[in-house]
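Below is one structure, written out as structure tokens; comments come after it.
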Amino acid sequence: MESLFNKKYLPVIITGIVCAALGTALGWNLSRGGVKSTDIKLNFGSNSLEVNLDQDEIDAETFLGRIFEQGFSKSGAMDWLKLKQKIFHFKDPDIVKEFKTLPPDDPVSEQLYKLSASKTGPWAYQVDTVRISIPEKKYQPRKGFVNVCENGKYRGRMLQLYNLDQSIAIDLTASGKYACPTGLKFPDIQLNAKDAKKLLGDDNFSKYEEAIVLILQ
């Protein structure tokens, strides 16, 4: 992939990044020849982008604006910036690997820590309404623990479970698991009978009941 950018994208994007200098040179040549506009063709793999530059509009903002207004050329530019300059879009998952290289006293590390401590942004609490049930006694988790789907988001997490009016809450650890084949309905969480009675005041309810779950960590 990198060789592809070296051969096809690299000259194009470098041209875009240094387009202020290019604009100056082109503007000088155009003014000498009395030409009012020129077309520049940029190749992005099998796609191409033509940029028409008037003599009075050869500047960095115009040139880069044209590159980033088309999906294929924007993608090529973003990939080159990531591969060659370590410049990432903030929603690019690959940026997480770069965060691992930051020292604790880096300003970015400090801001990420503040977000984590305040439980905002990516660290905001997740609250869901879920279906709960009590499995047969031989499959019941211990008191204070719950069973969850083995491939679900609650697996291995610390949870806080509320009744629907949020008047009662219990802390639970999702240590148990069960298979949840695609296309079949399963409860989101299976409780010990004693925890279910504490939460809902009853341990003899129908197949499913609803509760509110908060992921603590």
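To be explicit about the labels: the chains of the structure tokens are called A, B, and onward in the order shown, and within each one the residues are counted from 1, while ligands get numbers from 1 in the order they are shown.
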* To do: Using backbone DSSP assignments, extract all alpha helix (DSSP H) residues from range 66-210 of chain A; output them as a PyMOL selection string.
  => chain A and resi 66-69+71-85+95-99+107-117+193-200
Would you save the residues of that selection, restricted to C-alpha atoms, as a tab-separated table (two decimals), in the first residue's frame?
```
chain	number	residue	atom	x	y	z
A	66	ARG	CA	-10.61	21.26	-4.53
A	67	ILE	CA	-8.63	18.23	-3.36
A	68	PHE	CA	-10.79	17.76	-0.26
A	69	GLU	CA	-14.18	18.30	-1.91
A	71	GLY	CA	-14.31	11.70	-1.97
A	72	PHE	CA	-11.52	9.84	-3.78
A	73	SER	CA	-9.02	12.70	-3.65
A	74	LYS	CA	-9.87	13.48	-0.02
A	75	SER	CA	-9.32	9.82	0.87
A	76	GLY	CA	-5.96	9.80	-0.92
A	77	ALA	CA	-4.88	12.98	0.85
A	78	MET	CA	-5.95	11.72	4.29
A	79	ASP	CA	-4.17	8.39	3.77
A	80	TRP	CA	-0.97	10.13	2.73
A	81	LEU	CA	-1.11	12.47	5.72
A	82	LYS	CA	-1.55	9.47	8.03
A	83	LEU	CA	1.16	7.31	6.47
A	84	LYS	CA	3.78	9.97	5.92
A	85	GLN	CA	3.09	12.73	8.43
A	95	ILE	CA	-5.07	7.18	16.23
A	96	VAL	CA	-5.47	5.10	19.40
A	97	LYS	CA	-2.16	3.32	18.71
A	98	GLU	CA	-0.44	6.71	18.63
A	99	PHE	CA	-1.90	7.65	22.02
A	107	PRO	CA	-0.59	17.91	27.17
A	108	VAL	CA	-2.74	15.49	25.16
A	109	SER	CA	-2.31	12.79	27.84
A	110	GLU	CA	-3.37	15.27	30.50
A	111	GLN	CA	-6.51	16.23	28.58
A	112	LEU	CA	-7.41	12.58	27.96
A	113	TYR	CA	-6.98	11.88	31.67
A	114	LYS	CA	-9.34	14.75	32.52
A	115	LEU	CA	-11.98	13.34	30.16
A	116	SER	CA	-11.61	9.91	31.74
A	117	ALA	CA	-11.79	11.24	35.30
A	193	ALA	CA	-32.62	-15.23	42.54
A	194	LYS	CA	-31.64	-13.27	45.69
A	195	ASP	CA	-30.34	-10.33	43.64
A	196	ALA	CA	-33.50	-10.38	41.52
A	197	LYS	CA	-35.69	-10.25	44.63
A	198	LYS	CA	-33.67	-7.36	46.05
A	199	LEU	CA	-33.97	-5.45	42.80
A	200	LEU	CA	-37.60	-6.17	41.91
```
* To do: Name all residues at most 9 Å from Arg131 in chain A (count only C-alpha atoms; drop same-chain ones fewer than 3 positions away) and give them as a list in words.
  => Phe186, Pro187, Asp188, Ile189, Gln190, Tyr208, Glu209, Glu210, Ala211 and Ile212 of chain A
Shell of 7 Å around Phe145 in chain A, only C-alpha atoms, local chain residues under 2 positions omitted, as an mmCIF file with N, CA and C atoms, in the first residue's frame:
```cif
data_model
loop_
_atom_site.group_PDB
_atom_site.id
_atom_site.type_symbol
_atom_site.label_atom_id
_atom_site.label_comp_id
_atom_site.auth_asym_id
_atom_site.auth_seq_id
_atom_site.Cartn_x
_atom_site.Cartn_y
_atom_site.Cartn_z
ATOM 1 N N PRO A 141 -25.863 -17.627 38.584
ATOM 2 C CA PRO A 141 -24.587 -17.120 39.096
ATOM 3 C C PRO A 141 -24.665 -16.936 40.608
ATOM 4 N N ARG A 142 -23.522 -16.769 41.238
ATOM 5 C CA ARG A 142 -23.505 -16.477 42.670
ATOM 6 C C ARG A 142 -24.093 -15.098 42.936
ATOM 7 N N LYS A 143 -24.511 -14.872 44.157
ATOM 8 C CA LYS A 143 -25.029 -13.563 44.551
ATOM 9 C C LYS A 143 -23.942 -12.508 44.307
ATOM 10 N N LEU A 172 -22.999 -5.355 40.458
ATOM 11 C CA LEU A 172 -22.818 -6.736 40.032
ATOM 12 C C LEU A 172 -21.589 -6.869 39.140
ATOM 13 N N THR A 173 -21.022 -8.059 39.117
ATOM 14 C CA THR A 173 -19.886 -8.352 38.244
ATOM 15 C C THR A 173 -20.317 -9.363 37.192
ATOM 16 N N ALA A 174 -20.104 -9.024 35.931
ATOM 17 C CA ALA A 174 -20.513 -9.906 34.828
ATOM 18 C C ALA A 174 -19.410 -10.917 34.552
ATOM 19 N N SER A 175 -19.366 -11.965 35.357
ATOM 20 C CA SER A 175 -18.307 -12.967 35.223
ATOM 21 C C SER A 175 -18.768 -14.223 34.497
#
```
* Asked: When distances are computed from only C-alpha atoms, which of A:Val127, A:Gln140, A:Thr120, A:Ile215 shows the smallest separation from Arg155 in chain A?
  ->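 Of A:Val127, A:Gln140, A:Thr120, A:Ile215, the one nearest Arg155 in chain A, counting only C-alpha atoms, is A:Ile215.
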* Any idea what the distance is between CA of Ile170 in chain A and CA of Gly144 in chain A? ->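 So the two atoms, CA of Ile170 in chain A and CA of Gly144 in chain A, lie 8.1 Å apart.
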* To do: Write out as a list in words the residues lying within 8 Å of Asp171 in chain A, counting only C-alpha atoms and excluding same-chain residues fewer than 6 positions away.
  =>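 What passes the distance filter is Gly144, Met158, Leu159, Gln160 and Leu161 of chain A.
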* What is the CA of Asn163 in chain A to CA of Thr182 in chain A distance in Å? -> 27.4 Å
* Report the distance between CA of Gly152 in chain A and CA of Ala169 in chain A in Å, rounded to one decimal place. => 21.8 Å
